[in-house]
Every structure is written in C-alpha cells, then in structure tokens.
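final24.cif follows; it contains mmCIF, C-alpha atoms (C1' of nucleotides).
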```cif
data_structure
loop_
_atom_site.label_atom_id
_atom_site.label_comp_id
_atom_site.auth_asym_id
_atom_site.auth_seq_id
_atom_site.Cartn_x
_atom_site.Cartn_y
_atom_site.Cartn_z
CA MET C 1 -14.90 18.70 -9.10
CA LYS C 2 -12.36 20.66 -7.15
CA TRP C 3 -9.27 19.20 -5.60
CA THR C 4 -10.22 20.67 -2.25
CA ASP C 5 -13.47 18.67 -2.19
CA LEU C 6 -11.67 15.36 -1.82
CA THR C 7 -11.86 15.19 1.96
CA ASN C 8 -15.00 13.11 2.18
CA GLU C 9 -14.42 10.58 -0.54
CA GLY C 10 -14.92 6.95 0.23
CA CYS C 11 -11.73 6.01 -1.58
CA SER C 12 -8.77 5.86 0.76
CA VAL C 13 -6.36 6.92 -1.93
CA ALA C 14 -8.46 10.02 -2.52
CA ARG C 15 -8.57 10.85 1.19
CA THR C 16 -4.81 10.38 1.42
CA MET C 17 -4.45 12.84 -1.42
CA SER C 18 -6.68 15.34 0.32
CA VAL C 19 -4.20 15.39 3.20
CA LEU C 20 -0.85 14.66 1.57
CA GLY C 21 -1.47 15.38 -2.09
CA ASP C 22 -0.68 19.08 -2.31
CA ARG C 23 2.59 20.18 -3.82
CA TRP C 24 5.53 19.76 -1.42
CA THR C 25 3.46 18.29 1.40
CA LEU C 26 4.92 14.81 1.25
CA LEU C 27 8.47 16.13 0.94
CA ILE C 28 7.95 18.34 3.97
CA LEU C 29 6.59 15.40 5.93
CA ARG C 30 9.56 13.30 4.88
CA ASP C 31 11.96 15.98 6.14
CA THR C 32 10.30 16.13 9.53
CA LEU C 33 10.50 12.34 9.74
CA PHE C 34 14.20 12.59 8.94
CA GLY C 35 14.75 15.06 11.76
CA ILE C 36 14.51 18.36 9.91
CA ARG C 37 11.85 20.11 11.93
CA ARG C 38 12.42 23.84 11.91
CA PHE C 39 10.94 26.31 9.48
CA ASP C 40 14.17 27.71 8.10
CA ASP C 41 15.88 24.33 7.96
CA ILE C 42 13.08 22.83 5.90
CA GLN C 43 12.92 25.90 3.71
CA LYS C 44 16.65 25.81 3.01
CA ARG C 45 16.70 22.13 2.24
CA LEU C 46 13.71 22.08 -0.06
CA LYS C 47 14.26 25.63 -1.32
CA ILE C 48 10.53 26.19 -1.55
CA THR C 49 8.81 29.50 -1.11
CA ARG C 50 8.22 30.31 2.55
CA HIS C 51 4.61 31.13 1.97
CA VAL C 52 3.82 27.63 0.74
CA LEU C 53 5.86 26.04 3.51
CA SER C 54 3.92 28.00 6.08
CA ASP C 55 0.63 26.90 4.57
CA ARG C 56 1.63 23.23 4.38
CA LEU C 57 2.87 23.11 7.95
CA LYS C 58 -0.44 24.52 9.11
CA ARG C 59 -2.42 22.00 7.13
CA LEU C 60 -0.31 19.10 8.33
CA GLU C 61 -0.81 20.31 11.87
CA THR C 62 -4.57 20.62 11.54
CA HIS C 63 -4.73 17.17 9.97
CA GLY C 64 -2.88 15.74 12.95
CA LEU C 65 0.32 14.77 11.18
CA LEU C 66 2.58 17.36 12.76
CA GLU C 67 2.70 18.79 16.23
CA ARG C 68 4.11 22.23 16.91
CA LYS C 69 6.34 22.13 19.96
CA PRO C 70 8.37 24.96 21.49
CA TYR C 71 12.09 24.31 21.55
CA GLN C 72 13.18 27.62 23.12
CA GLU C 73 11.83 30.60 25.02
CA ARG C 74 12.43 34.30 24.39
CA PRO C 75 11.54 34.39 21.65
CA THR C 76 9.43 31.26 21.72
CA ARG C 77 10.21 29.19 18.67
CA TYR C 78 8.60 26.01 17.53
CA GLU C 79 9.58 22.80 15.82
CA TYR C 80 7.24 20.56 13.87
CA HIS C 81 7.27 17.02 15.18
CA PRO C 82 5.71 14.12 13.30
CA THR C 83 2.86 12.45 15.17
CA GLN C 84 2.22 8.72 15.28
CA ALA C 85 0.01 9.06 12.20
CA ALA C 86 2.95 10.59 10.35
CA ARG C 87 5.36 7.93 11.57
CA ASP C 88 2.93 5.27 10.44
CA PHE C 89 3.31 6.65 6.95
CA VAL C 90 6.98 5.64 6.86
CA PRO C 91 6.27 2.13 5.52
CA VAL C 92 4.28 3.67 2.69
CA MET C 93 7.21 5.94 1.90
CA GLN C 94 9.53 2.98 1.94
CA ALA C 95 7.39 1.08 -0.50
CA MET C 96 7.32 4.20 -2.66
CA THR C 97 11.08 4.53 -2.46
CA ALA C 98 11.54 0.93 -3.55
CA TRP C 99 9.21 1.51 -6.47
CA ALA C 100 11.08 4.61 -7.61
CA GLN C 101 14.44 2.89 -7.33
CA THR C 102 13.20 0.29 -9.79
CA HIS C 103 11.12 2.41 -12.11
CA LEU C 104 12.68 5.86 -11.91
CA PRO C 105 16.37 5.06 -11.58
CA THR C 106 18.99 7.77 -11.24
CA GLU C 107 22.74 7.95 -10.81
CA LYS C 108 22.38 10.29 -7.87
CA SER C 109 22.51 8.64 -4.51
CA GLU C 110 19.60 8.53 -2.11
CA PRO C 111 20.06 11.32 0.45
CA TYR C 112 18.55 9.23 3.23
CA ARG C 113 18.45 5.54 3.94
CA PHE C 114 16.14 3.46 6.03
CA LEU C 115 17.98 1.01 8.23
CA ASP C 116 16.83 -1.82 10.43
CA ARG C 117 17.15 -0.49 13.94
CA GLU C 118 18.88 -3.61 15.19
CA THR C 119 21.04 -4.86 12.38
CA ARG C 120 21.72 -1.39 10.94
CA HIS C 121 21.36 -2.83 7.48
CA PRO C 122 19.39 -1.05 4.79
CA THR C 123 15.87 -2.41 4.65
CA ASN C 124 14.47 -4.22 1.68
CA PRO C 125 10.80 -3.31 1.81
CA LYS C 126 8.13 -5.59 0.40
CA VAL C 127 4.39 -5.40 0.77
CA ILE C 128 2.83 -8.67 1.87
CA ASP C 129 -0.67 -9.85 2.59
CA ALA C 130 -0.66 -10.60 6.29
CA ASN C 131 -3.44 -13.15 5.74
CA THR C 132 -1.38 -15.42 3.56
CA GLY C 133 2.16 -14.15 4.15
CA ALA C 134 2.67 -13.90 0.41
CA GLU C 135 4.09 -10.86 -1.28
CA ILE C 136 1.51 -8.63 -2.89
CA THR C 137 2.28 -8.05 -6.53
CA SER C 138 0.16 -6.98 -9.43
CA LYS C 139 -0.28 -10.68 -10.23
CA SER C 140 -1.31 -11.84 -6.80
CA ILE C 141 -4.27 -9.58 -6.37
CA TRP C 142 -7.61 -8.91 -7.86
CA VAL C 143 -9.52 -5.71 -7.81
CA GLU C 144 -13.22 -5.63 -7.20
CA ALA C 145 -15.74 -2.82 -7.35
CA ASN C 146 -17.49 -2.59 -4.03
CA ARG C 147 -20.96 -1.76 -5.39
CA SER C 148 -21.29 1.76 -4.10
CA SER C 149 -21.26 5.34 -5.23
CA SER C 150 -18.52 7.73 -6.31
CA ASN C 151 -14.77 7.66 -5.87
CA MET J 1 12.69 25.80 -6.40
CA LYS J 2 9.92 24.90 -8.76
CA TRP J 3 7.82 21.79 -8.52
CA THR J 4 8.62 20.94 -12.12
CA ASP J 5 12.35 20.75 -11.32
CA LEU J 6 11.96 17.66 -9.17
CA THR J 7 12.73 15.16 -11.91
CA ASN J 8 16.42 14.81 -11.20
CA GLU J 9 16.43 14.70 -7.44
CA GLY J 10 18.35 11.97 -5.70
CA CYS J 11 15.49 11.35 -3.30
CA SER J 12 13.14 8.63 -4.52
CA VAL J 13 10.14 10.20 -2.86
CA ALA J 14 10.86 13.43 -4.73
CA ARG J 15 11.17 11.60 -8.05
CA THR J 16 7.95 9.76 -7.38
CA MET J 17 6.28 13.11 -6.81
CA SER J 18 7.68 14.44 -10.07
CA VAL J 19 5.78 11.69 -11.87
CA LEU J 20 2.75 11.04 -9.68
CA GLY J 21 2.55 14.14 -7.51
CA ASP J 22 0.43 16.44 -9.64
CA ARG J 23 -3.20 16.96 -8.77
CA TRP J 24 -5.41 14.04 -9.85
CA THR J 25 -2.58 11.97 -11.31
CA LEU J 26 -2.67 9.22 -8.72
CA LEU J 27 -6.45 9.01 -8.82
CA ILE J 28 -6.37 8.69 -12.59
CA LEU J 29 -3.76 5.96 -12.34
CA ARG J 30 -5.87 4.17 -9.76
CA ASP J 31 -8.87 4.24 -12.08
CA THR J 32 -6.91 2.74 -14.96
CA LEU J 33 -5.68 0.02 -12.62
CA PHE J 34 -9.27 -0.64 -11.63
CA GLY J 35 -10.26 -1.05 -15.25
CA ILE J 36 -11.57 2.42 -16.07
CA ARG J 37 -9.49 3.24 -19.10
CA ARG J 38 -11.39 5.52 -21.44
CA PHE J 39 -11.31 9.27 -21.45
CA ASP J 40 -14.97 9.93 -20.84
CA ASP J 41 -15.30 7.16 -18.30
CA ILE J 42 -12.47 8.53 -16.22
CA GLN J 43 -13.78 12.04 -16.59
CA LYS J 44 -17.26 11.09 -15.48
CA ARG J 45 -16.03 9.12 -12.50
CA LEU J 46 -13.62 11.70 -11.19
CA LYS J 47 -15.60 14.67 -12.50
CA ILE J 48 -12.42 16.58 -13.23
CA THR J 49 -12.01 19.10 -15.98
CA ARG J 50 -11.24 17.47 -19.33
CA HIS J 51 -8.29 19.72 -19.94
CA VAL J 52 -6.47 18.49 -16.85
CA LEU J 53 -7.37 14.89 -17.58
CA SER J 54 -5.95 15.21 -21.06
CA ASP J 55 -2.72 16.65 -19.69
CA ARG J 56 -2.33 13.96 -17.02
CA LEU J 57 -2.92 11.11 -19.41
CA LYS J 58 -0.22 12.51 -21.69
CA ARG J 59 2.25 12.84 -18.87
CA LEU J 60 1.55 9.37 -17.56
CA GLU J 61 2.06 8.06 -21.06
CA THR J 62 5.36 9.85 -21.58
CA HIS J 63 6.55 8.64 -18.18
CA GLY J 64 5.81 5.07 -19.18
CA LEU J 65 2.97 4.42 -16.77
CA LEU J 66 0.17 4.27 -19.30
CA GLU J 67 0.01 2.92 -22.80
CA ARG J 68 -2.47 4.23 -25.33
CA LYS J 69 -4.06 1.36 -27.19
CA PRO J 70 -6.77 1.49 -29.87
CA TYR J 71 -9.92 -0.34 -28.95
CA GLN J 72 -11.95 0.40 -32.10
CA GLU J 73 -11.55 1.66 -35.66
CA ARG J 74 -13.58 4.29 -37.51
CA PRO J 75 -13.22 6.44 -35.65
CA THR J 76 -10.09 5.12 -33.97
CA ARG J 77 -10.45 5.46 -30.24
CA TYR J 78 -7.93 4.67 -27.58
CA GLU J 79 -7.85 3.31 -24.07
CA TYR J 80 -5.17 3.97 -21.52
CA HIS J 81 -3.67 0.77 -20.20
CA PRO J 82 -1.44 0.63 -17.14
CA THR J 83 2.07 -0.64 -17.86
CA GLN J 84 4.06 -2.97 -15.62
CA ALA J 85 5.52 0.09 -13.86
CA ALA J 86 2.00 1.23 -13.05
CA ARG J 87 0.94 -2.23 -11.89
CA ASP J 88 4.00 -2.35 -9.67
CA PHE J 89 2.64 0.70 -7.90
CA VAL J 90 -0.37 -1.27 -6.65
CA PRO J 91 1.39 -2.48 -3.48
CA VAL J 92 2.24 1.13 -2.65
CA MET J 93 -1.39 2.08 -3.11
CA GLN J 94 -2.43 -0.78 -0.89
CA ALA J 95 -0.10 0.36 1.86
CA MET J 96 -1.50 3.84 1.44
CA THR J 97 -5.06 2.55 1.61
CA ALA J 98 -4.31 0.68 4.82
CA TRP J 99 -2.80 3.84 6.28
CA ALA J 100 -5.83 5.94 5.39
CA GLN J 101 -8.25 3.38 6.78
CA THR J 102 -6.50 3.71 10.13
CA HIS J 103 -5.71 7.40 10.20
CA LEU J 104 -8.37 8.99 8.01
CA PRO J 105 -11.42 6.88 8.82
CA THR J 106 -14.77 7.51 7.19
CA GLU J 107 -18.21 5.97 7.27
CA LYS J 108 -18.32 5.74 3.51
CA SER J 109 -17.34 2.41 2.10
CA GLU J 110 -14.29 1.85 -0.03
CA PRO J 111 -15.39 1.86 -3.68
CA TYR J 112 -12.82 -0.80 -4.61
CA ARG J 113 -11.26 -3.65 -2.77
CA PHE J 114 -8.09 -5.56 -3.30
CA LEU J 115 -8.57 -9.29 -3.09
CA ASP J 116 -6.14 -12.15 -3.05
CA ARG J 117 -6.43 -13.70 -6.48
CA GLU J 118 -6.68 -17.23 -5.12
CA THR J 119 -8.58 -17.03 -1.90
CA ARG J 120 -10.71 -14.03 -2.98
CA HIS J 121 -10.35 -12.61 0.47
CA PRO J 122 -9.59 -8.94 1.03
CA THR J 123 -5.88 -8.46 1.50
CA ASN J 124 -4.35 -7.19 4.70
CA PRO J 125 -1.27 -5.33 3.47
CA LYS J 126 1.79 -4.94 5.64
CA VAL J 127 5.23 -3.67 4.71
CA ILE J 128 8.01 -5.99 5.79
CA ASP J 129 11.77 -5.96 5.52
CA ALA J 130 12.57 -8.87 3.23
CA ASN J 131 15.99 -9.20 4.90
CA THR J 132 14.60 -10.02 8.30
CA GLY J 133 10.99 -10.87 7.54
CA ALA J 134 9.88 -8.46 10.24
CA GLU J 135 7.20 -5.87 9.73
CA ILE J 136 8.51 -2.39 9.12
CA THR J 137 7.06 0.08 11.57
CA SER J 138 8.20 3.47 12.73
CA LYS J 139 9.84 1.69 15.66
CA SER J 140 11.70 -0.92 13.72
CA ILE J 141 13.67 1.38 11.49
CA TRP J 142 16.29 4.03 11.72
CA VAL J 143 16.88 6.82 9.29
CA GLU J 144 20.35 7.81 8.26
CA ALA J 145 21.57 10.73 6.19
CA ASN J 146 23.60 9.39 3.32
CA ARG J 147 26.27 12.15 3.30
CA SER J 148 25.45 13.74 -0.01
CA SER J 149 23.90 16.81 -1.57
CA SER J 150 20.37 18.12 -1.84
CA ASN J 151 16.99 16.46 -1.54
"C1'" DC I 1 -29.87 15.61 -43.03
"C1'" DC I 2 -29.97 15.35 -38.13
"C1'" DA I 3 -28.86 13.60 -33.62
"C1'" DG I 4 -25.67 11.12 -30.95
"C1'" DT I 5 -21.02 9.49 -29.18
"C1'" DA I 6 -16.16 9.59 -27.84
"C1'" DG I 7 -12.24 12.20 -27.20
"C1'" DG I 8 -10.30 15.93 -27.19
"C1'" DT I 9 -9.08 21.48 -27.47
"C1'" DT I 10 -10.10 26.32 -26.45
"C1'" DC I 11 -11.68 30.03 -23.73
"C1'" DT I 12 -12.32 32.91 -19.45
"C1'" DG I 13 -12.02 33.73 -14.78
"C1'" DT I 14 -10.28 32.06 -10.28
"C1'" DT I 15 -6.62 29.84 -7.40
"C1'" DT I 16 -2.22 28.52 -6.48
"C1'" DT I 17 2.58 28.98 -6.75
"C1'" DA I 18 7.39 31.28 -7.10
"C1'" DG I 19 10.42 34.49 -5.62
"C1'" DA I 20 11.63 38.55 -3.40
"C1'" DA I 21 10.91 41.87 0.16
"C1'" DC I 22 9.32 43.01 4.54
"C1'" DT I 23 7.91 42.45 9.65
"C1'" DC I 24 8.35 41.02 14.34
"C1'" DA I 25 10.44 39.65 18.61
"C1'" DC I 26 14.05 38.99 20.48
"C1'" DT I 27 19.65 38.25 21.21
"C1'" DT I 28 24.37 39.34 20.28
"C1'" DT I 29 27.93 42.29 18.91
"C1'" DT I 30 30.20 46.71 18.76
"C1'" DA D 1 22.77 52.22 23.50
"C1'" DA D 2 22.78 51.44 18.64
"C1'" DA D 3 23.47 48.24 15.02
"C1'" DA D 4 23.52 43.74 13.21
"C1'" DG D 5 21.90 39.09 13.34
"C1'" DT D 6 18.49 35.16 13.84
"C1'" DG D 7 14.36 32.45 13.19
"C1'" DA D 8 9.76 32.34 11.82
"C1'" DG D 9 6.74 33.95 9.63
"C1'" DT D 10 3.60 37.52 6.34
"C1'" DT D 11 2.91 40.39 2.26
"C1'" DC D 12 3.44 41.58 -2.47
"C1'" DT D 13 3.47 40.86 -7.63
"C1'" DA D 14 3.75 38.19 -11.59
"C1'" DA D 15 3.46 33.69 -13.62
"C1'" DA D 16 1.49 29.17 -13.87
"C1'" DA D 17 -2.13 25.87 -12.98
"C1'" DC D 18 -6.90 24.78 -12.41
"C1'" DA D 19 -12.25 24.73 -12.91
"C1'" DG D 20 -16.02 24.82 -15.69
"C1'" DA D 21 -18.28 25.64 -19.80
"C1'" DA D 22 -18.30 25.81 -24.72
"C1'" DC D 23 -16.59 24.28 -28.90
"C1'" DC D 24 -14.47 21.07 -32.50
"C1'" DT D 25 -13.65 16.67 -34.98
"C1'" DA D 26 -14.53 12.24 -36.87
"C1'" DC D 27 -17.33 9.23 -37.26
"C1'" DT D 28 -22.19 6.07 -36.82
"C1'" DG D 29 -26.94 5.21 -37.12
"C1'" DG D 30 -31.53 6.63 -38.18
#
```

If you took the structure in this file and wrote it as structure tokens, what would it be?
Amino acid sequence: MKWTDLTNEGCSVARTMSVLGDRWTLLILRDTLFGIRRFDDIQKRLKITRHVLSDRLKRLETHGLLERKPYQERPTRYEYHPTQAARDFVPVMQAMTAWAQTHLPTEKSEPYRFLDRETRHPTNPKVIDANTGAEITSKSIWVEANRSSSN
Amino acid sequence: MKWTDLTNEGCSVARTMSVLGDRWTLLILRDTLFGIRRFDDIQKRLKITRHVLSDRLKRLETHGLLERKPYQERPTRYEYHPTQAARDFVPVMQAMTAWAQTHLPTEKSEPYRFLDRETRHPTNPKVIDANTGAEITSKSIWVEANRSSSN
DNA sequence: CCAGTAGGTTCTGTTTTAGAACTCACTTTT
DNA sequence: AAAAGTGAGTTCTAAAACAGAACCTACTGG
C-alpha cells in the first residue's frame, strides 16, 4: 500500500495522517496557528526547502485547513490563514505537547506557550471523557474492534 | 534543514514528529495499542512494505515506545508491546480521532472504538485545561511566543 | 525430504526530499 | 532611468526514502 492511498480509510488516525502526516505539514500548520503566515517567514523559521513548503501549503489549502488571503496589492501577495478546521486541531496539538514534555524531555525551552485567554496562565491540558468527566488514560479505556474491514 | 535533525528542537510538536512523524509510524503504533503486535500481522493489516515496517519497529523500540518480547521458543519469535510512553499517547490519538470525525468525515465505519473501561460506552474525548476545568478550544486559548530561539 | 510459517533482509525502480539557483512582478534607491 | 531589493514562488540535480517483489533463515510438522 502507498502512503498516498490513505485518504479513504475508515480509521480516523489514518485519515488524519493522509492530511497532516507528510513531512513538515504539522509544523507548518503550527506556525500559521502561531501567527506566522507568509511564505518567506515560514521558510526562514523552519528552514525547509521552498519547494516542499510550496507543496505543503497547497495541500493544506486544498484540504481546507489553510486559506490564502491577499494582504497587499501591487504585487498581490498572500498569507495563509488557518481555517476553523485548523484551529480545532489546537487541542490535539496541546495534548501532543503535554505528551512530549513528559516523554521526550529537553532542556531547551518551548518556543511557544498556550495560555488561557482570560487568566493568561499556561494551560494544563488533559483529555477527558465528556460522558463521565473522568480523565482518559491508558487505564481508563478499552479498545474494541468494530467488526469491519481494513484500517 | 533536514527532517532527521528535528530531535533536539525546543518545540514539543517538532520532537513528537521526530519520533512519530515518519510515514506509517503512528499507524503501526496504533495497531500495537489495539493488540496487533506481530510482524506479519501488522504487515498484513497495513499492507506496507516489510522493509519499512522493520525500520519503524526498530525506531519505535529505540525511542522507548515499543518493547520486543519473545512469545515463543524454537524458533524464538517476538512481539512488539507498547510501553507506558506509547499507552500515554492514547489520549492524543483519541483527540485526533475526534477531530477527524468532525473535519474529515467518511461513510466507512471506524475499525476500532475506544470504550470506557467501566461503562463500556464509547468515549467522547474533549481536551480541557486542568487548571480551570474548562474545555480548551481555539477560542479559549492564547498563544504566546516564549522569547527564545528556533522552532 | 518436502511444505509451511514467522520474521526478517536484499534488490530494483520510482518518489520524495534537500539545497541551491533562478524567475517574476513589482517597489525603492541611486 | 538603471540598479538593487523584496516576497513568493519554480526549476534543477543529487541524495535519501519508499514500494513491491524476491530471497533468506530457523525452525515445525507431515
């Protein structure tokens, strides 16, 4: 199976990968969420090859995660703005960040922080089950095959 | 910058990618979490080339996400068991699954479901800020640069 | 001895990526 | 007016990664 054939999988993790799983894609999305939205700015920060950046921005746009909006005329130049779908990925990124801080520690400091918009305190993300209110951990859940086909 | 140089980034999302961001890695990890732990079983389910599977299992092992345990003698054969670090990634995967169900809908059914271990009901994952108890959404948070270097 | 099984490795050709150079459409400086 | 600069790409070449098939190894069971 080819990586590019993942689009139609039933598994949500697989479909997420088909959209966000290419090299650099998630880091580019993160930058746009953090306010870095112009081609050269993203390229300088990530120091990735322009060719790949161009490709990823196009894909993210066609998948509805980024929107290309003009920010000046003559010559017309565009910025890449995250859509609601992209913004809704922020909680996932926060959960991921919390995981990495525990399991892939480093001395370097986090370049960005997520703060509560009201209190301005750093958030302490946890994933809960909204049905019970309890935190979801590896112990609290059970995984069940959903009798069905592939992936 | 090369993809393989991501290991030492300050950004947690980047470090997560350095461990889980290669093609197929997350899907392989998901399978082991769902109980599919033997080489041929994983290969048949994902239908990926054996060469890549072999490489990913090794990487996941060296990064401490999988543990290779013998399950029979003569000939000795091994299974790949998720470690605590891997199991701690389950909430992230659940948040990701919830995101994809909203933003990348499909008619196909989810091949696996996460259930609450007690009630046996499907979970409804939400990311909250443990400081305030409030759900984290794109509206509830603010992102701040943490005056510091790259990534 | 032969076939079968599980878990890899090796091989070949195709894609993807990395890095540098180049293009294009303008604006600003000299 | 010519030259230099800016921002956003595209194009090029070489290196690395991937896809798929074939092969190898260490056994078991008939």

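Within 10 Å of chain C, chain D contributes the residues DG7, DA8, DG9, DT10, DT11, DC18, DA19 and DG20 of chain D, using all atoms listed in the file.
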
Give me, as a ChimeraX atom specification, the residues of chain I touching chain C, with the criterion being at most 8 Å (counting all atoms listed in the file).
/I:17-19,25-26

Using all atoms listed in the file for the distances, tell me which of J:Arg37, J:Arg68, J:Arg59, J:Arg30 is nearest to chain C.
J:Arg30

Please write the residues picked by the PyMOL selection byres ((chain C) within 6 of (chain J)) on this file as a PyMOL selection string.
chain C and resi 1+10-13+47-48+87+91-92+95-97+100+108-117+123-130+138+140-146+148

For the atom pair C1' of DA17 (chain D) and CA of Lys69 (chain J), what is the interatomic distance in Å to one decimal place?
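Separation between C1' of DA17 (chain D) and CA of Lys69 (chain J): 28.4 Å.
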
Take chain J, lay it over chain C with a least-squares fit on all the Cα atoms in order, then hand it over as a compact mmCIF listing (two decimals) with C-alpha atoms, in the coordinates of the input.
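Final output, saved to result-v2.txt:
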```
# COMPACT_ATOMS: atom_id res chain seq x y z
CA MET J 1 -14.95 18.63 -9.08
CA LYS J 2 -12.42 20.59 -7.13
CA TRP J 3 -9.31 19.15 -5.59
CA THR J 4 -10.26 20.63 -2.23
CA ASP J 5 -13.50 18.60 -2.18
CA LEU J 6 -11.69 15.30 -1.82
CA THR J 7 -11.87 15.14 1.96
CA ASN J 8 -15.03 13.08 2.18
CA GLU J 9 -14.45 10.56 -0.55
CA GLY J 10 -14.96 6.91 0.20
CA CYS J 11 -11.75 5.99 -1.59
CA SER J 12 -8.77 5.85 0.76
CA VAL J 13 -6.35 6.92 -1.93
CA ALA J 14 -8.47 10.01 -2.54
CA ARG J 15 -8.57 10.84 1.18
CA THR J 16 -4.84 10.37 1.42
CA MET J 17 -4.45 12.84 -1.43
CA SER J 18 -6.70 15.33 0.34
CA VAL J 19 -4.21 15.37 3.20
CA LEU J 20 -0.87 14.64 1.56
CA GLY J 21 -1.51 15.36 -2.11
CA ASP J 22 -0.72 19.05 -2.32
CA ARG J 23 2.55 20.17 -3.82
CA TRP J 24 5.50 19.75 -1.43
CA THR J 25 3.45 18.28 1.41
CA LEU J 26 4.92 14.81 1.25
CA LEU J 27 8.45 16.13 0.93
CA ILE J 28 7.95 18.34 3.96
CA LEU J 29 6.59 15.40 5.92
CA ARG J 30 9.56 13.31 4.86
CA ASP J 31 11.95 15.98 6.12
CA THR J 32 10.29 16.13 9.52
CA LEU J 33 10.50 12.35 9.72
CA PHE J 34 14.18 12.59 8.90
CA GLY J 35 14.71 15.04 11.73
CA ILE J 36 14.52 18.36 9.89
CA ARG J 37 11.87 20.11 11.91
CA ARG J 38 12.43 23.84 11.90
CA PHE J 39 10.98 26.31 9.48
CA ASP J 40 14.18 27.70 8.08
CA ASP J 41 15.88 24.33 7.94
CA ILE J 42 13.08 22.85 5.90
CA GLN J 43 12.93 25.90 3.70
CA LYS J 44 16.64 25.83 3.00
CA ARG J 45 16.67 22.13 2.23
CA LEU J 46 13.70 22.10 -0.08
CA LYS J 47 14.24 25.66 -1.32
CA ILE J 48 10.51 26.23 -1.56
CA THR J 49 8.80 29.54 -1.10
CA ARG J 50 8.20 30.35 2.57
CA HIS J 51 4.58 31.15 1.98
CA VAL J 52 3.81 27.65 0.74
CA LEU J 53 5.86 26.07 3.50
CA SER J 54 3.93 28.02 6.09
CA ASP J 55 0.63 26.89 4.59
CA ARG J 56 1.65 23.23 4.40
CA LEU J 57 2.89 23.11 7.96
CA LYS J 58 -0.43 24.52 9.13
CA ARG J 59 -2.41 21.99 7.16
CA LEU J 60 -0.30 19.10 8.35
CA GLU J 61 -0.80 20.32 11.88
CA THR J 62 -4.56 20.62 11.57
CA HIS J 63 -4.72 17.17 10.00
CA GLY J 64 -2.87 15.72 12.96
CA LEU J 65 0.33 14.77 11.18
CA LEU J 66 2.59 17.35 12.77
CA GLU J 67 2.72 18.79 16.23
CA ARG J 68 4.15 22.22 16.91
CA LYS J 69 6.39 22.11 19.94
CA PRO J 70 8.44 24.94 21.47
CA TYR J 71 12.14 24.29 21.53
CA GLN J 72 13.27 27.58 23.11
CA GLU J 73 11.92 30.59 25.00
CA ARG J 74 12.55 34.29 24.37
CA PRO J 75 11.70 34.37 21.64
CA THR J 76 9.56 31.25 21.69
CA ARG J 77 10.31 29.18 18.64
CA TYR J 78 8.67 25.99 17.53
CA GLU J 79 9.61 22.78 15.81
CA TYR J 80 7.28 20.57 13.86
CA HIS J 81 7.27 17.03 15.17
CA PRO J 82 5.72 14.13 13.30
CA THR J 83 2.86 12.45 15.16
CA GLN J 84 2.22 8.72 15.29
CA ALA J 85 0.01 9.06 12.20
CA ALA J 86 2.94 10.59 10.35
CA ARG J 87 5.35 7.93 11.59
CA ASP J 88 2.91 5.28 10.44
CA PHE J 89 3.30 6.66 6.95
CA VAL J 90 6.97 5.65 6.87
CA PRO J 91 6.26 2.13 5.54
CA VAL J 92 4.27 3.68 2.69
CA MET J 93 7.19 5.95 1.90
CA GLN J 94 9.52 2.99 1.96
CA ALA J 95 7.36 1.10 -0.50
CA MET J 96 7.31 4.20 -2.65
CA THR J 97 11.08 4.54 -2.45
CA ALA J 98 11.54 0.94 -3.51
CA TRP J 99 9.21 1.53 -6.44
CA ALA J 100 11.09 4.62 -7.58
CA GLN J 101 14.45 2.91 -7.29
CA THR J 102 13.21 0.31 -9.76
CA HIS J 103 11.14 2.42 -12.10
CA LEU J 104 12.68 5.88 -11.88
CA PRO J 105 16.37 5.08 -11.55
CA THR J 106 18.98 7.80 -11.22
CA GLU J 107 22.72 7.99 -10.76
CA LYS J 108 22.36 10.32 -7.83
CA SER J 109 22.48 8.67 -4.47
CA GLU J 110 19.57 8.56 -2.08
CA PRO J 111 20.04 11.34 0.48
CA TYR J 112 18.53 9.23 3.27
CA ARG J 113 18.41 5.57 3.97
CA PHE J 114 16.13 3.47 6.06
CA LEU J 115 17.97 1.04 8.27
CA ASP J 116 16.80 -1.78 10.45
CA ARG J 117 17.13 -0.48 13.97
CA GLU J 118 18.86 -3.61 15.22
CA THR J 119 21.00 -4.87 12.42
CA ARG J 120 21.69 -1.39 10.97
CA HIS J 121 21.34 -2.82 7.52
CA PRO J 122 19.38 -1.03 4.82
CA THR J 123 15.86 -2.39 4.69
CA ASN J 124 14.46 -4.19 1.69
CA PRO J 125 10.77 -3.30 1.84
CA LYS J 126 8.13 -5.58 0.40
CA VAL J 127 4.37 -5.40 0.76
CA ILE J 128 2.83 -8.67 1.86
CA ASP J 129 -0.68 -9.86 2.58
CA ALA J 130 -0.68 -10.60 6.29
CA ASN J 131 -3.45 -13.17 5.75
CA THR J 132 -1.38 -15.41 3.55
CA GLY J 133 2.14 -14.15 4.16
CA ALA J 134 2.67 -13.89 0.42
CA GLU J 135 4.10 -10.85 -1.27
CA ILE J 136 1.53 -8.63 -2.90
CA THR J 137 2.31 -8.05 -6.54
CA SER J 138 0.18 -6.97 -9.45
CA LYS J 139 -0.24 -10.67 -10.24
CA SER J 140 -1.27 -11.82 -6.83
CA ILE J 141 -4.25 -9.57 -6.38
CA TRP J 142 -7.60 -8.93 -7.91
CA VAL J 143 -9.52 -5.72 -7.83
CA GLU J 144 -13.22 -5.67 -7.21
CA ALA J 145 -15.72 -2.84 -7.39
CA ASN J 146 -17.51 -2.61 -4.09
CA ARG J 147 -20.98 -1.75 -5.49
CA SER J 148 -21.30 1.76 -4.18
CA SER J 149 -21.23 5.38 -5.24
CA SER J 150 -18.51 7.73 -6.39
CA ASN J 151 -14.75 7.68 -6.01
```

Hits of the PyMOL selection byres ((chain I and resi 4) around 9) in this structure, as a list in words
DA3 and DT5 of chain I; DT28 and DG29 of chain D

Export C-alpha atoms (C1' of nucleotides) of the chosen residues as a JSON list (two decimals), in the frame of the given file?
```json
[["chain", "number", "residue", "atom", "x", "y", "z"],
["I", 3, "DA", "C1'", -28.86, 13.60, -33.62],
["I", 5, "DT", "C1'", -21.02, 9.49, -29.18],
["D", 28, "DT", "C1'", -22.19, 6.07, -36.82],
["D", 29, "DG", "C1'", -26.94, 5.21, -37.12]]
```

What does the distance between CA of Tyr71 (chain C) and CA of Ile28 (chain C) come to in Å, to one decimal place?
19.0 Å

With all atoms listed in the file counted, which protein, DNA or RNA residues have an atom no more than 8 Å from (-32.4, 9.0, -40.3) in the file frame? Please answer as a PDB file with C-alpha atoms (C1' of nucleotides), in the coordinates of the input.
```
ATOM      1  C1'  DC I   1     -29.870  15.610 -43.030  1.00  0.00           C
ATOM      2  C1'  DC I   2     -29.970  15.350 -38.130  1.00  0.00           C
TER       3       DC I   2
ATOM      4  C1'  DG D  29     -26.940   5.210 -37.120  1.00  0.00           C
ATOM      5  C1'  DG D  30     -31.530   6.630 -38.180  1.00  0.00           C
TER       6       DG D  30
END
```

What gap, in Å, lies between CA of Leu66 (chain J) and CA of Glu79 (chain J)?
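It comes out at 9.4 Å.
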
Explicit residues for the PyMOL selection byres ((chain D and resi 22) around 8) (as number ranges by chain):
I: 11; D: 21, 23
